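Undergrad: Compact mmCIF, C-alpha atoms, saved as structure_7.txt, coming up:
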# COMPACT_ATOMS: atom_id res chain seq x y z
CA MET A 951 -18.85 45.18 -104.94
CA LYS A 952 -15.61 45.06 -106.89
CA TYR A 953 -14.64 41.64 -108.31
CA LEU A 954 -10.98 40.83 -108.85
CA GLU A 955 -9.54 37.68 -110.39
CA PRO A 956 -5.79 37.54 -109.70
CA GLU A 957 -3.63 34.92 -111.39
CA THR A 958 -0.94 34.53 -108.73
CA LEU A 959 -0.99 34.19 -104.96
CA ASP A 960 0.97 37.43 -104.52
CA GLU A 961 -1.61 39.30 -106.60
CA ALA A 962 -4.39 37.72 -104.55
CA ILE A 963 -2.79 38.82 -101.28
CA ALA A 964 -2.41 42.35 -102.67
CA ALA A 965 -6.03 42.32 -103.84
CA LEU A 966 -7.20 41.18 -100.42
CA ALA A 967 -5.25 44.04 -98.82
CA SER A 968 -6.85 46.60 -101.16
CA SER A 969 -9.87 47.04 -98.89
CA ASP A 970 -10.65 46.56 -95.22
CA ASP A 971 -13.78 44.72 -96.36
CA ALA A 972 -12.41 42.21 -98.87
CA ARG A 973 -13.21 38.51 -98.97
CA CYS A 974 -11.93 35.57 -100.96
CA LEU A 975 -14.28 33.66 -103.25
CA ALA A 976 -13.37 29.99 -103.59
CA GLY A 977 -16.04 27.74 -105.16
CA GLY A 978 -18.93 29.93 -104.07
CA ALA A 979 -21.10 27.10 -102.76
CA THR A 980 -21.50 28.90 -99.42
CA LEU A 981 -20.41 32.47 -100.06
CA VAL A 982 -22.70 33.09 -103.04
CA ALA A 983 -25.62 31.60 -101.09
CA MET A 984 -24.76 34.09 -98.31
CA LEU A 985 -24.60 36.94 -100.84
CA ASN A 986 -28.02 35.88 -102.15
CA ALA A 987 -29.43 35.89 -98.63
CA GLU A 988 -27.82 39.32 -98.02
CA LEU A 989 -25.86 37.97 -95.05
CA VAL A 990 -22.60 39.38 -96.41
CA ASP A 991 -21.88 42.37 -98.62
CA PRO A 992 -18.12 42.75 -99.09
CA LYS A 993 -16.69 45.78 -100.91
CA VAL A 994 -14.14 43.62 -102.71
CA LEU A 995 -14.39 39.98 -103.72
CA VAL A 996 -11.17 38.21 -104.69
CA GLY A 997 -11.87 35.21 -106.92
CA LEU A 998 -9.17 32.55 -106.50
CA ARG A 999 -10.12 30.26 -109.40
CA LYS A 1000 -7.33 31.38 -111.74
CA ILE A 1001 -4.43 30.63 -109.40
CA PRO A 1002 -3.02 27.23 -110.42
CA ALA A 1003 -0.78 26.98 -107.32
CA LEU A 1004 -3.85 26.69 -105.10
CA ARG A 1005 -5.20 23.65 -106.90
CA GLY A 1006 -4.42 19.97 -106.91
CA ILE A 1007 -3.22 17.09 -104.77
CA SER A 1008 0.41 16.06 -104.43
CA ARG A 1009 2.47 13.61 -102.41
CA THR A 1010 4.83 14.99 -99.79
CA ALA A 1011 7.62 13.43 -97.71
CA ASN A 1012 5.18 12.36 -95.00
CA GLY A 1013 1.77 12.43 -96.58
CA ILE A 1014 -0.47 14.33 -98.95
CA ARG A 1015 -0.84 18.01 -99.70
CA ILE A 1016 -4.16 19.35 -100.94
CA GLY A 1017 -4.35 22.81 -102.50
CA ALA A 1018 -7.05 24.99 -100.96
CA MET A 1019 -8.96 25.37 -104.26
CA THR A 1020 -9.19 21.62 -104.85
CA THR A 1021 -12.85 20.64 -105.18
CA HIS A 1022 -14.60 18.01 -103.09
CA ASN A 1023 -15.09 15.88 -106.21
CA GLU A 1024 -11.39 16.04 -107.10
CA ILE A 1025 -10.55 14.79 -103.60
CA ALA A 1026 -13.28 12.11 -103.69
CA ALA A 1027 -11.84 10.76 -106.97
CA ASP A 1028 -8.16 10.64 -105.97
CA ASP A 1029 -7.13 7.03 -105.44
CA ARG A 1030 -3.80 8.05 -103.90
CA LEU A 1031 -5.80 8.85 -100.76
CA VAL A 1032 -5.48 5.49 -99.04
CA GLY A 1033 -4.63 4.37 -95.51
CA ALA A 1034 -5.03 7.23 -93.04
CA THR A 1035 -5.72 9.75 -95.81
CA GLU A 1036 -8.64 7.67 -97.06
CA LEU A 1037 -10.53 9.60 -94.37
CA LEU A 1038 -10.35 12.63 -96.67
CA ARG A 1039 -11.59 10.78 -99.74
CA SER A 1040 -14.39 9.24 -97.72
CA ALA A 1041 -15.49 12.62 -96.34
CA ALA A 1042 -15.28 14.39 -99.71
CA GLY A 1043 -17.60 11.89 -101.40
CA GLN A 1044 -20.29 12.41 -98.76
CA ILE A 1045 -20.50 16.21 -98.99
CA ALA A 1046 -23.88 17.42 -100.28
CA HIS A 1047 -24.46 16.35 -103.90
CA ASP A 1048 -22.48 16.07 -107.11
CA ALA A 1049 -23.52 19.56 -108.25
CA ILE A 1050 -22.09 21.07 -105.06
CA ARG A 1051 -19.00 18.83 -104.99
CA HIS A 1052 -18.03 20.07 -108.46
CA VAL A 1053 -17.68 23.66 -107.22
CA GLY A 1054 -17.12 23.52 -103.45
CA THR A 1055 -13.50 23.50 -102.25
CA ILE A 1056 -11.76 22.20 -99.14
CA GLY A 1057 -10.08 25.57 -98.49
CA GLY A 1058 -13.35 27.48 -98.81
CA SER A 1059 -15.09 25.10 -96.46
CA ILE A 1060 -12.48 25.17 -93.69
CA ALA A 1061 -12.00 28.94 -93.92
CA HIS A 1062 -15.76 29.32 -93.43
CA ALA A 1063 -15.59 26.85 -90.49
CA ASP A 1064 -19.25 25.86 -90.35
CA PRO A 1065 -19.22 23.10 -87.72
CA SER A 1066 -22.04 21.26 -89.51
CA ALA A 1067 -19.90 20.91 -92.63
CA ASP A 1068 -17.86 17.76 -93.14
CA TRP A 1069 -14.31 19.06 -93.54
CA PRO A 1070 -13.71 20.51 -90.07
CA ALA A 1071 -14.15 17.16 -88.25
CA ALA A 1072 -12.42 15.26 -91.07
CA ILE A 1073 -9.22 17.30 -91.10
CA THR A 1074 -9.19 17.40 -87.28
CA ALA A 1075 -9.10 13.60 -87.06
CA ALA A 1076 -6.60 13.53 -89.94
CA ASP A 1077 -4.19 15.68 -87.87
CA ALA A 1078 -3.90 18.21 -90.68
CA SER A 1079 -1.68 21.27 -90.85
CA ILE A 1080 -3.07 24.30 -92.60
CA GLU A 1081 -0.83 26.59 -94.61
CA ILE A 1082 -1.86 30.23 -94.55
CA ALA A 1083 -0.27 32.96 -96.66
CA SER A 1084 -0.18 36.73 -96.27
CA ALA A 1085 1.99 39.66 -97.31
CA GLY A 1086 4.36 38.64 -94.48
CA GLY A 1087 4.91 35.15 -95.94
CA ALA A 1088 3.48 31.74 -95.16
CA ARG A 1089 2.76 30.16 -91.78
CA THR A 1090 1.52 26.74 -90.79
CA VAL A 1091 -1.15 26.14 -88.18
CA SER A 1092 -1.98 22.80 -86.59
CA VAL A 1093 -5.63 21.88 -87.04
CA ASP A 1094 -5.94 21.80 -83.24
CA ASP A 1095 -5.27 25.55 -83.25
CA PHE A 1096 -7.15 26.35 -86.46
CA PHE A 1097 -10.85 26.08 -85.54
CA LEU A 1098 -11.56 28.57 -82.76
CA GLY A 1099 -15.35 28.61 -82.61
CA TYR A 1100 -18.52 28.91 -84.65
CA LEU A 1101 -17.39 30.29 -88.05
CA GLN A 1102 -14.12 31.35 -86.41
CA THR A 1103 -10.64 30.27 -87.41
CA ALA A 1104 -7.02 31.30 -86.89
CA VAL A 1105 -7.08 33.00 -90.31
CA GLN A 1106 -6.50 36.74 -89.83
CA PRO A 1107 -7.60 39.61 -92.10
CA GLY A 1108 -5.34 39.73 -95.14
CA GLU A 1109 -4.54 36.01 -94.95
CA ILE A 1110 -5.47 33.24 -97.40
CA VAL A 1111 -5.66 29.51 -96.72
CA THR A 1112 -3.40 28.00 -99.39
CA ALA A 1113 -3.02 24.28 -98.63
CA ILE A 1114 -3.86 21.48 -96.24
CA ASP A 1115 -1.18 18.93 -95.36
CA ILE A 1116 -2.31 15.50 -94.23
CA PRO A 1117 0.20 13.07 -92.67
CA SER A 1118 0.02 9.45 -93.77
CA GLY A 1119 0.24 8.44 -90.11
CA PRO A 1120 1.65 5.19 -88.76
CA GLN A 1121 2.04 2.19 -91.03
CA HIS A 1122 -1.24 0.31 -91.51
CA ALA A 1123 -3.29 3.31 -90.35
CA ARG A 1124 -6.78 3.47 -91.82
CA GLY A 1125 -9.11 6.42 -91.97
CA HIS A 1126 -12.85 6.73 -92.39
CA TYR A 1127 -15.57 9.35 -92.23
CA LEU A 1128 -18.89 8.13 -90.87
CA LYS A 1129 -21.71 10.53 -91.60
CA PHE A 1130 -25.14 10.15 -90.07
CA SER A 1131 -27.71 12.37 -91.76
CA ARG A 1132 -31.47 12.46 -92.27
CA VAL A 1133 -31.27 12.03 -96.03
CA ASP A 1134 -28.54 11.63 -98.62
CA GLY A 1135 -26.88 14.97 -99.30
CA ASP A 1136 -27.95 16.71 -96.10
CA TYR A 1137 -25.60 18.15 -93.49
CA ALA A 1138 -24.64 15.62 -90.82
CA THR A 1139 -26.77 15.19 -87.73
CA VAL A 1140 -23.57 13.78 -86.22
CA SER A 1141 -20.41 12.62 -87.93
CA ILE A 1142 -17.36 10.75 -86.68
CA ALA A 1143 -14.00 11.12 -88.42
CA ILE A 1144 -11.36 8.59 -87.42
CA VAL A 1145 -7.83 7.36 -88.07
CA LEU A 1146 -6.85 4.07 -86.44
CA ALA A 1147 -3.75 1.86 -86.53
CA MET A 1148 -3.54 -1.53 -84.84
CA ASP A 1149 -0.46 -3.38 -83.61
CA GLY A 1150 -1.74 -6.90 -83.66
CA LYS A 1151 -4.84 -6.86 -81.48
CA ARG A 1152 -3.92 -3.65 -79.69
CA CYS A 1153 -4.70 -0.11 -80.69
CA GLU A 1154 -1.41 1.55 -81.54
CA TYR A 1155 -2.73 4.90 -82.76
CA ILE A 1156 -6.13 6.51 -82.72
CA ARG A 1157 -7.40 9.99 -83.38
CA PHE A 1158 -11.04 10.95 -83.85
CA ALA A 1159 -13.40 13.90 -83.86
CA ALA A 1160 -17.14 14.42 -83.85
CA GLY A 1161 -18.72 16.84 -86.32
CA ALA A 1162 -21.96 18.85 -86.04
CA CYS A 1163 -21.78 18.52 -82.24
CA GLY A 1164 -20.61 21.93 -81.13
CA PRO A 1165 -19.24 25.28 -82.29
CA LYS A 1166 -16.17 23.50 -83.67
CA PRO A 1167 -15.09 19.88 -84.16
CA ILE A 1168 -15.09 17.94 -80.88
CA ARG A 1169 -11.85 16.12 -80.20
CA VAL A 1170 -11.08 14.79 -76.72
CA ALA A 1171 -7.53 13.62 -75.99
CA ALA A 1172 -8.71 11.64 -72.93
CA ALA A 1173 -11.13 9.66 -75.08
CA GLU A 1174 -8.34 8.71 -77.47
CA GLU A 1175 -6.02 7.82 -74.56
CA ARG A 1176 -8.75 5.60 -73.13
CA LEU A 1177 -8.47 3.43 -76.25
CA LEU A 1178 -4.71 3.49 -76.87
CA GLY A 1179 -3.12 0.12 -76.06
CA THR A 1180 -6.49 -1.55 -75.55
CA GLU A 1181 -8.05 -4.31 -77.63
CA LEU A 1182 -10.96 -1.99 -78.42
CA THR A 1183 -13.55 -4.05 -76.60
CA ALA A 1184 -17.15 -2.87 -76.56
CA GLY A 1185 -16.57 -1.65 -73.01
CA ASP A 1186 -13.46 0.36 -73.99
CA ILE A 1187 -15.27 1.96 -76.89
CA ALA A 1188 -18.36 2.79 -74.84
CA ALA A 1189 -16.19 4.47 -72.19
CA ALA A 1190 -14.32 6.51 -74.82
CA GLY A 1191 -17.61 7.42 -76.52
CA ASP A 1192 -18.96 8.74 -73.23
CA LEU A 1193 -15.85 10.89 -72.76
CA LEU A 1194 -16.33 12.30 -76.26
CA ALA A 1195 -20.07 12.92 -75.80
CA ALA A 1196 -19.45 14.66 -72.47
CA GLU A 1197 -17.41 17.35 -74.22
CA ALA A 1198 -19.92 17.82 -77.06
CA ASP A 1199 -22.17 20.85 -77.06
CA PRO A 1200 -24.68 20.16 -79.83
CA VAL A 1201 -27.52 22.49 -80.80
CA ASP A 1202 -31.18 21.59 -81.11
CA ASP A 1203 -32.22 22.02 -84.72
CA VAL A 1204 -34.18 20.36 -87.52
CA ARG A 1205 -31.47 17.69 -87.86
CA GLY A 1206 -31.89 16.47 -84.29
CA SER A 1207 -32.12 17.56 -80.69
CA SER A 1208 -29.04 18.13 -78.60
CA GLU A 1209 -29.90 15.09 -76.49
CA TYR A 1210 -30.34 12.88 -79.55
CA ARG A 1211 -27.00 13.98 -80.97
CA ARG A 1212 -25.24 13.26 -77.68
CA MET A 1213 -26.81 9.82 -77.64
CA LEU A 1214 -25.60 9.14 -81.18
CA ILE A 1215 -21.94 9.97 -80.53
CA PRO A 1216 -20.86 6.76 -78.70
CA ARG A 1217 -22.88 4.58 -81.06
CA LEU A 1218 -21.39 6.15 -84.15
CA LEU A 1219 -17.90 5.98 -82.67
CA SER A 1220 -18.39 2.26 -82.20
CA ARG A 1221 -19.62 1.90 -85.77
CA ALA A 1222 -16.71 3.95 -87.17
CA ILE A 1223 -14.17 1.84 -85.24
CA ALA A 1224 -15.82 -1.29 -86.63
CA VAL A 1225 -15.35 0.04 -90.17
CA VAL A 1226 -11.64 0.83 -89.83
CA GLY A 1227 -11.07 -2.18 -87.58
CA ARG A 1228 -12.58 -4.46 -90.19
CA ALA A 1229 -10.36 -2.92 -92.84
CA HIS A 1230 -7.36 -4.06 -90.80
CA HIS A 1231 -8.39 -7.68 -91.12
CA ASP A 1232 -8.81 -7.53 -94.91
CA MET B 489 -22.39 50.72 -104.22
CA THR B 490 -23.03 48.56 -107.23
CA GLU B 491 -20.27 47.99 -109.69
CA SER B 492 -20.60 46.68 -113.23
CA THR B 493 -18.20 45.07 -115.60
CA THR B 494 -18.26 43.74 -119.15
CA ILE B 495 -17.97 40.00 -119.47
CA GLU B 496 -18.21 37.35 -122.15
CA LEU B 497 -20.17 34.18 -121.47
CA ARG B 498 -20.36 31.15 -123.72
CA ILE B 499 -23.92 29.85 -123.45
CA ASN B 500 -25.44 27.12 -125.62
CA GLY B 501 -22.56 27.49 -128.08
CA GLU B 502 -22.97 31.23 -128.51
CA VAL B 503 -20.73 33.94 -127.01
CA HIS B 504 -22.62 36.80 -125.34
CA SER B 505 -20.99 40.07 -124.38
CA LEU B 506 -22.79 41.52 -121.39
CA GLU B 507 -22.53 44.39 -118.95
CA VAL B 508 -23.35 42.91 -115.54
CA GLU B 509 -23.26 43.97 -111.92
CA THR B 510 -20.50 42.03 -110.19
CA ARG B 511 -22.74 40.57 -107.51
CA ARG B 512 -25.34 39.11 -109.86
CA THR B 513 -25.56 35.37 -110.20
CA LEU B 514 -25.43 33.51 -113.49
CA LEU B 515 -29.05 32.50 -112.81
CA GLU B 516 -30.16 36.15 -112.74
CA VAL B 517 -28.24 36.96 -115.90
CA LEU B 518 -29.65 33.95 -117.75
CA ARG B 519 -33.23 34.77 -116.83
CA GLN B 520 -33.26 38.56 -116.86
CA ASP B 521 -30.66 39.60 -119.43
CA LEU B 522 -30.82 36.70 -121.86
CA GLN B 523 -34.47 35.68 -121.34
CA LEU B 524 -33.36 32.07 -120.92
CA THR B 525 -36.19 31.47 -118.47
CA GLY B 526 -36.14 27.68 -118.69
CA THR B 527 -33.66 27.74 -115.82
CA LYS B 528 -35.77 28.30 -112.70
CA ARG B 529 -35.14 30.18 -109.49
CA GLY B 530 -36.32 28.09 -106.55
CA CYS B 531 -34.51 28.45 -103.23
CA ASN B 532 -31.61 30.63 -104.47
CA GLN B 533 -29.49 28.78 -101.89
CA GLY B 534 -28.21 25.81 -103.87
CA VAL B 535 -30.57 23.32 -102.25
CA CYS B 536 -33.50 22.71 -104.61
CA GLY B 537 -31.78 22.07 -107.95
CA ALA B 538 -34.28 24.04 -110.09
CA CYS B 539 -31.48 26.28 -111.40
CA SER B 540 -29.21 23.42 -112.52
CA ILE B 541 -27.20 24.00 -115.69
CA LEU B 542 -24.31 22.21 -117.36
CA VAL B 543 -20.87 23.79 -117.04
CA ASP B 544 -18.06 22.00 -118.85
CA GLY B 545 -20.29 18.91 -118.82
CA ASN B 546 -21.05 18.90 -115.09
CA SER B 547 -24.37 19.82 -113.54
CA ILE B 548 -23.95 22.80 -111.22
CA ARG B 549 -26.17 25.41 -109.55
CA SER B 550 -26.45 28.66 -111.49
CA CYS B 551 -27.68 30.41 -108.31
CA LEU B 552 -24.35 29.69 -106.63
CA SER B 553 -22.28 31.02 -109.51
CA LEU B 554 -21.46 34.70 -109.90
CA ALA B 555 -21.76 35.61 -113.58
CA VAL B 556 -18.38 37.39 -113.50
CA ALA B 557 -16.69 34.18 -112.36
CA MET B 558 -18.07 32.09 -115.24
CA GLN B 559 -16.06 33.55 -118.11
CA GLY B 560 -14.27 30.96 -120.21
CA ARG B 561 -16.62 28.16 -119.17
CA ASP B 562 -18.86 26.20 -121.54
CA ILE B 563 -22.40 26.77 -120.26
CA VAL B 564 -25.42 24.79 -121.45
CA THR B 565 -28.96 25.55 -120.27
CA ILE B 566 -32.15 23.57 -120.85
CA GLU B 567 -32.69 25.68 -124.00
CA GLY B 568 -29.40 24.31 -125.36
CA LEU B 569 -30.58 20.69 -125.36
CA GLY B 570 -32.05 19.29 -128.57
CA ASP B 571 -31.52 21.00 -131.91
CA GLY B 572 -34.49 23.36 -132.00
CA ALA B 573 -36.62 21.03 -134.10
CA ARG B 574 -36.21 17.85 -132.08
CA LEU B 575 -36.00 17.37 -128.35
CA ASP B 576 -32.99 15.81 -126.73
CA PRO B 577 -33.69 12.09 -126.09
CA VAL B 578 -33.71 12.79 -122.34
CA GLN B 579 -36.42 15.46 -122.78
CA GLN B 580 -38.41 13.12 -125.00
CA ALA B 581 -38.17 10.34 -122.43
CA PHE B 582 -39.56 12.65 -119.73
CA LEU B 583 -42.54 13.40 -122.00
CA ASP B 584 -43.05 9.75 -122.95
CA ALA B 585 -42.92 8.61 -119.33
CA GLY B 586 -45.44 11.24 -118.26
CA ALA B 587 -42.93 12.48 -115.70
CA ILE B 588 -43.93 16.13 -115.88
CA GLN B 589 -46.46 17.51 -113.41
CA CYS B 590 -46.35 21.28 -112.79
CA GLY B 591 -43.05 21.37 -114.66
CA PHE B 592 -41.15 23.85 -112.49
CA CYS B 593 -38.40 21.44 -111.40
CA MET B 594 -38.19 19.68 -114.77
CA PRO B 595 -35.39 21.71 -116.41
CA GLY B 596 -33.17 21.00 -113.40
CA MET B 597 -34.19 17.34 -113.34
CA ILE B 598 -33.44 16.96 -117.05
CA ILE B 599 -30.07 18.71 -116.69
CA SER B 600 -29.11 16.37 -113.82
CA ALA B 601 -30.26 13.37 -115.87
CA LYS B 602 -28.29 14.61 -118.87
CA ALA B 603 -25.12 15.04 -116.77
CA LEU B 604 -25.57 11.53 -115.39
CA LEU B 605 -26.23 9.83 -118.73
CA ASP B 606 -23.35 11.59 -120.49
CA LYS B 607 -20.98 10.00 -117.95
CA ASN B 608 -22.85 6.78 -117.24
CA PRO B 609 -25.07 5.78 -120.18
CA ARG B 610 -26.49 2.69 -118.41
CA PRO B 611 -27.12 3.70 -114.80
CA SER B 612 -28.97 1.45 -112.38
CA LYS B 613 -32.16 2.77 -110.77
CA ALA B 614 -30.18 3.29 -107.57
CA GLU B 615 -27.62 5.38 -109.46
CA ILE B 616 -30.42 7.40 -111.05
CA ARG B 617 -32.00 8.05 -107.65
CA HIS B 618 -28.63 9.07 -106.25
CA ALA B 619 -27.86 11.43 -109.15
CA LEU B 620 -31.28 13.10 -108.99
CA GLY B 621 -31.25 13.26 -105.19
CA ASN B 622 -30.29 16.91 -105.44
CA ASN B 623 -33.41 17.95 -107.36
CA ILE B 624 -36.50 18.61 -105.30
CA CYS B 625 -40.02 18.21 -106.78
CA ARG B 626 -42.76 19.83 -104.69
CA CYS B 627 -45.36 17.75 -106.56
CA SER B 628 -43.39 14.81 -105.11
CA GLY B 629 -43.63 12.99 -108.44
CA TYR B 630 -40.33 11.20 -108.33
CA VAL B 631 -41.29 7.71 -109.51
CA LYS B 632 -41.98 8.62 -113.12
CA VAL B 633 -38.91 10.82 -113.20
CA ILE B 634 -36.78 7.80 -112.33
CA ASP B 635 -38.69 5.81 -114.97
CA ALA B 636 -38.01 8.54 -117.53
CA VAL B 637 -34.26 8.52 -116.94
CA HIS B 638 -34.24 4.74 -117.04
CA ARG B 639 -36.18 4.90 -120.31
CA ALA B 640 -33.72 7.42 -121.77
CA ALA B 641 -30.87 5.10 -120.80
CA THR B 642 -32.37 2.00 -122.35
CA THR B 643 -33.79 3.35 -125.63
Mind turning this structure into structure tokens?

TA:
Amino acid sequence: MKYLEPETLDEAIAALASSDDARCLAGGATLVAMLNAELVDPKVLVGLRKIPALRGISRTANGIRIGAMTTHNEIAADDRLVGATELLRSAAGQIAHDAIRHVGTIGGSIAHADPSADWPAAITAADASIEIASAGGARTVSVDDFFLGYLQTAVQPGEIVTAIDIPSGPQHARGHYLKFSRVDGDYATVSIAIVLAMDGKRCEYIRFAAGACGPKPIRVAAAEERLLGTELTAGDIAAAGDLLAAEADPVDDVRGSSEYRRMLIPRLLSRAIAVVGRAHHD
Amino acid sequence: MTESTTIELRINGEVHSLEVETRRTLLEVLRQDLQLTGTKRGCNQGVCGACSILVDGNSIRSCLSLAVAMQGRDIVTIEGLGDGARLDPVQQAFLDAGAIQCGFCMPGMIISAKALLDKNPRPSKAEIRHALGNNICRCSGYVKVIDAVHRAATT
């Protein structure tokens, strides 16, 4: 395995094109574990740590831009992530443990697209756009078109995820990531990521996704529409939760049975709405 | 095909020039090339915490770090704590509290405790439990470990 450490994005794209079996190394929290387990054996590894343009959080005209190599801990500590984008800060702080959050990156996580990880559901509910670069230039993909299946994304060979753009959403929007797991630091059994804005007592905007409940984040437009314009009564929320759970396709594993996960979805949706709903009254 | 390269690693204040295979982890290089065997290999998947080391002051997993990607970082292993004659106060507190059973997870536990106390010298017991939540002890002797960190923080 050849290891390359380019210092610019153009060099990284060239390095990635130097072999038909090249992979990017972000923080390594997943990829090095996969190397150790002999699940992957690329001919060329392109380390991205020395490319400053891929790192950091900045404000944009309509929200926040997060460089792909920004670590979970850097996101968890950024107090500019408020309102709708607080969803991201909330999710980042709940990923694994401190030792992992210091090295793991948002770009590495979403490019890997493990549906049990926290970022896929979080950026889905946050209505993110993902910037992807290649020798042909940059393109932007809506998060709704980014996750294609289990460990599958819209990223093509030769492409690198460079940044994630998160809109600040409507005024007064609040975001939250509710993670239900067996123990602190584990993967989620089920998670609910949500952004909600109220107009008085009525729901003006809502977008949510369930994590760890299928091959990719589960987002159901009909479930969101069921709540739009309502006062978010227990009955409204239960009906929307059922619509969301009906589209979920969870696996049976050590973190819970498929049936158990399906049962959790409406309950956690209700709890997540209570958290962001309460924030509106503060 | 294996490929090697020459790298420089700064470990416990000393710069080592090493020829390493690109796919080897820092954990392997520490244990096999530098005989720094205090850092343990448990799961090799980043879960158990036995291989924890300090990098630029943060506790990270040496099994999840490729050695070639660690150049320019300030690496401290369990051997780098204390001054050779005297133990680091955190190590001494673990001894005094009787926290050590088989000992395998202890270097990782002490590194996590060190990282915590360097940033938060007076943690609550809840904060200690949270910070050490990523270190697994198969003897399941967690109570005295928490006591030891609390002792290190209050003496």

Undergrad: Find the residues near region 563-575 of chain B: any atom within 7 Å, counting only C-alpha atoms, skip ones fewer than 3 places away on the same chain, and give them as a VMD selection string.

TA: chain B and resid 498 to 500 526 to 527 541 to 544 579 to 580 595 599

Undergrad: Considering all atoms listed in the file, return as a JSON list (two decimals) with C-alpha atoms, in the coordinates of the input whatever protein or nucleic-acid residues lie within 10 Å of Phe1158 (chain A), sequence-local ones (same chain, fewer than 4 positions apart) excluded.

TA:
[["chain", "number", "residue", "atom", "x", "y", "z"],
["A", 1071, "ALA", "CA", -14.15, 17.16, -88.25],
["A", 1072, "ALA", "CA", -12.42, 15.26, -91.07],
["A", 1073, "ILE", "CA", -9.22, 17.30, -91.10],
["A", 1074, "THR", "CA", -9.19, 17.40, -87.28],
["A", 1075, "ALA", "CA", -9.10, 13.60, -87.06],
["A", 1076, "ALA", "CA", -6.60, 13.53, -89.94],
["A", 1077, "ASP", "CA", -4.19, 15.68, -87.87],
["A", 1125, "GLY", "CA", -9.11, 6.42, -91.97],
["A", 1126, "HIS", "CA", -12.85, 6.73, -92.39],
["A", 1127, "TYR", "CA", -15.57, 9.35, -92.23],
["A", 1142, "ILE", "CA", -17.36, 10.75, -86.68],
["A", 1143, "ALA", "CA", -14.00, 11.12, -88.42],
["A", 1144, "ILE", "CA", -11.36, 8.59, -87.42],
["A", 1145, "VAL", "CA", -7.83, 7.36, -88.07],
["A", 1146, "LEU", "CA", -6.85, 4.07, -86.44],
["A", 1167, "PRO", "CA", -15.09, 19.88, -84.16],
["A", 1168, "ILE", "CA", -15.09, 17.94, -80.88],
["A", 1169, "ARG", "CA", -11.85, 16.12, -80.20],
["A", 1170, "VAL", "CA", -11.08, 14.79, -76.72],
["A", 1171, "ALA", "CA", -7.53, 13.62, -75.99],
["A", 1173, "ALA", "CA", -11.13, 9.66, -75.08],
["A", 1174, "GLU", "CA", -8.34, 8.71, -77.47],
["A", 1194, "LEU", "CA", -16.33, 12.30, -76.26],
["A", 1219, "LEU", "CA", -17.90, 5.98, -82.67],
["A", 1222, "ALA", "CA", -16.71, 3.95, -87.17],
["A", 1223, "ILE", "CA", -14.17, 1.84, -85.24]]

Undergrad: If you measure from CA of Ala1061 (chain A) to CA of Ser547 (chain B), what distance in Å do you get, rounded to one decimal?

TA: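 CA of Ala1061 (chain A) sits 24.9 Å away from CA of Ser547 (chain B).
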
Undergrad: Can you check which parts of chain B lie within 6 Å of chain A? Per residue, the shortest pair of atoms and distance in Å to one decimal, counting all atoms listed in the file, sorted by chain and number, as JSON lines.

TA:
{"residue": "B:Thr490", "atom": "CA", "partner": "A:Met951", "partner_atom": "CA", "distance": 5.8}
{"residue": "B:Glu491", "atom": "CA", "partner": "A:Met951", "partner_atom": "CA", "distance": 5.7}
{"residue": "B:Gln533", "atom": "CA", "partner": "A:Ala983", "partner_atom": "CA", "distance": 4.9}
{"residue": "B:Ser547", "atom": "CA", "partner": "A:Ala1049", "partner_atom": "CA", "distance": 5.4}
{"residue": "B:Ile548", "atom": "CA", "partner": "A:Ala1049", "partner_atom": "CA", "distance": 4.4}
{"residue": "B:Leu552", "atom": "CA", "partner": "A:Val982", "partner_atom": "CA", "distance": 5.2}

Undergrad: Which residues are close to region 1106-1117 of chain A, i.e. within 6 Å by all atoms listed in the file, leaving aside same-chain residues fewer than 3 positions away? Reply as a ChimeraX atom specification.

TA: /A:966-967,1004,1012-1018,1078-1084

Undergrad: When distances are computed from all atoms listed in the file, which of B:Ile616, B:Ser550, B:Leu583, B:Met594 shows the smallest separation from Leu518 (chain B)?

TA: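 For Leu518 (chain B), the nearest of the given residues is B:Ser550.
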
Undergrad: Calculate how many Å separate CA of Leu1098 (chain A) from CA of Gly1119 (chain A), rounding to one decimal.

TA: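 We find that CA of Leu1098 (chain A) and CA of Gly1119 (chain A) lie 24.5 Å from each other.
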
Undergrad: Which residue gives the smallest distance to Gln1044 (chain A) among A:Cys1153, A:Ala1011, A:Cys974, A:Ala1026, with all atoms listed in the file counted?

TA: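 Among A:Cys1153, A:Ala1011, A:Cys974, A:Ala1026, it is A:Ala1026 that comes nearest to Gln1044 (chain A).
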
Undergrad: Could you pull the residues within 12 Å of Val517 (chain B), counting all atoms listed in the file, minus those fewer than 2 positions along the same chain, as a ChimeraX atom specification?

TA: /B:495-497,499,504-515,519-525,527-529,550-551,553-556,558

Undergrad: If you count all atoms listed in the file, which residues fall within 12 Å of Pro1165 (chain A), apart from same-chain ones fewer than 3 positions away, as a ChimeraX atom specification?

TA: /A:1063-1067,1070-1071,1097-1103,1160-1162,1168-1169,1197-1201

Undergrad: Pick out the closest residue to Asn623 (chain B) from this set: B:Gly596, B:Gly530, B:Pro609, B:Gly560. Count only C-alpha atoms.

TA: B:Gly596

Undergrad: When you count all atoms listed in the file, which of these residues is closest to Lys632 (chain B): B:Ala614, B:Ile588, B:Ala601, B:Cys593?

TA: B:Ile588

Undergrad: Nearest to Lys602 (chain B): which of B:Cys625, B:Val578, B:Cys539, B:Ala641 is it, counting only C-alpha atoms?

TA: B:Val578
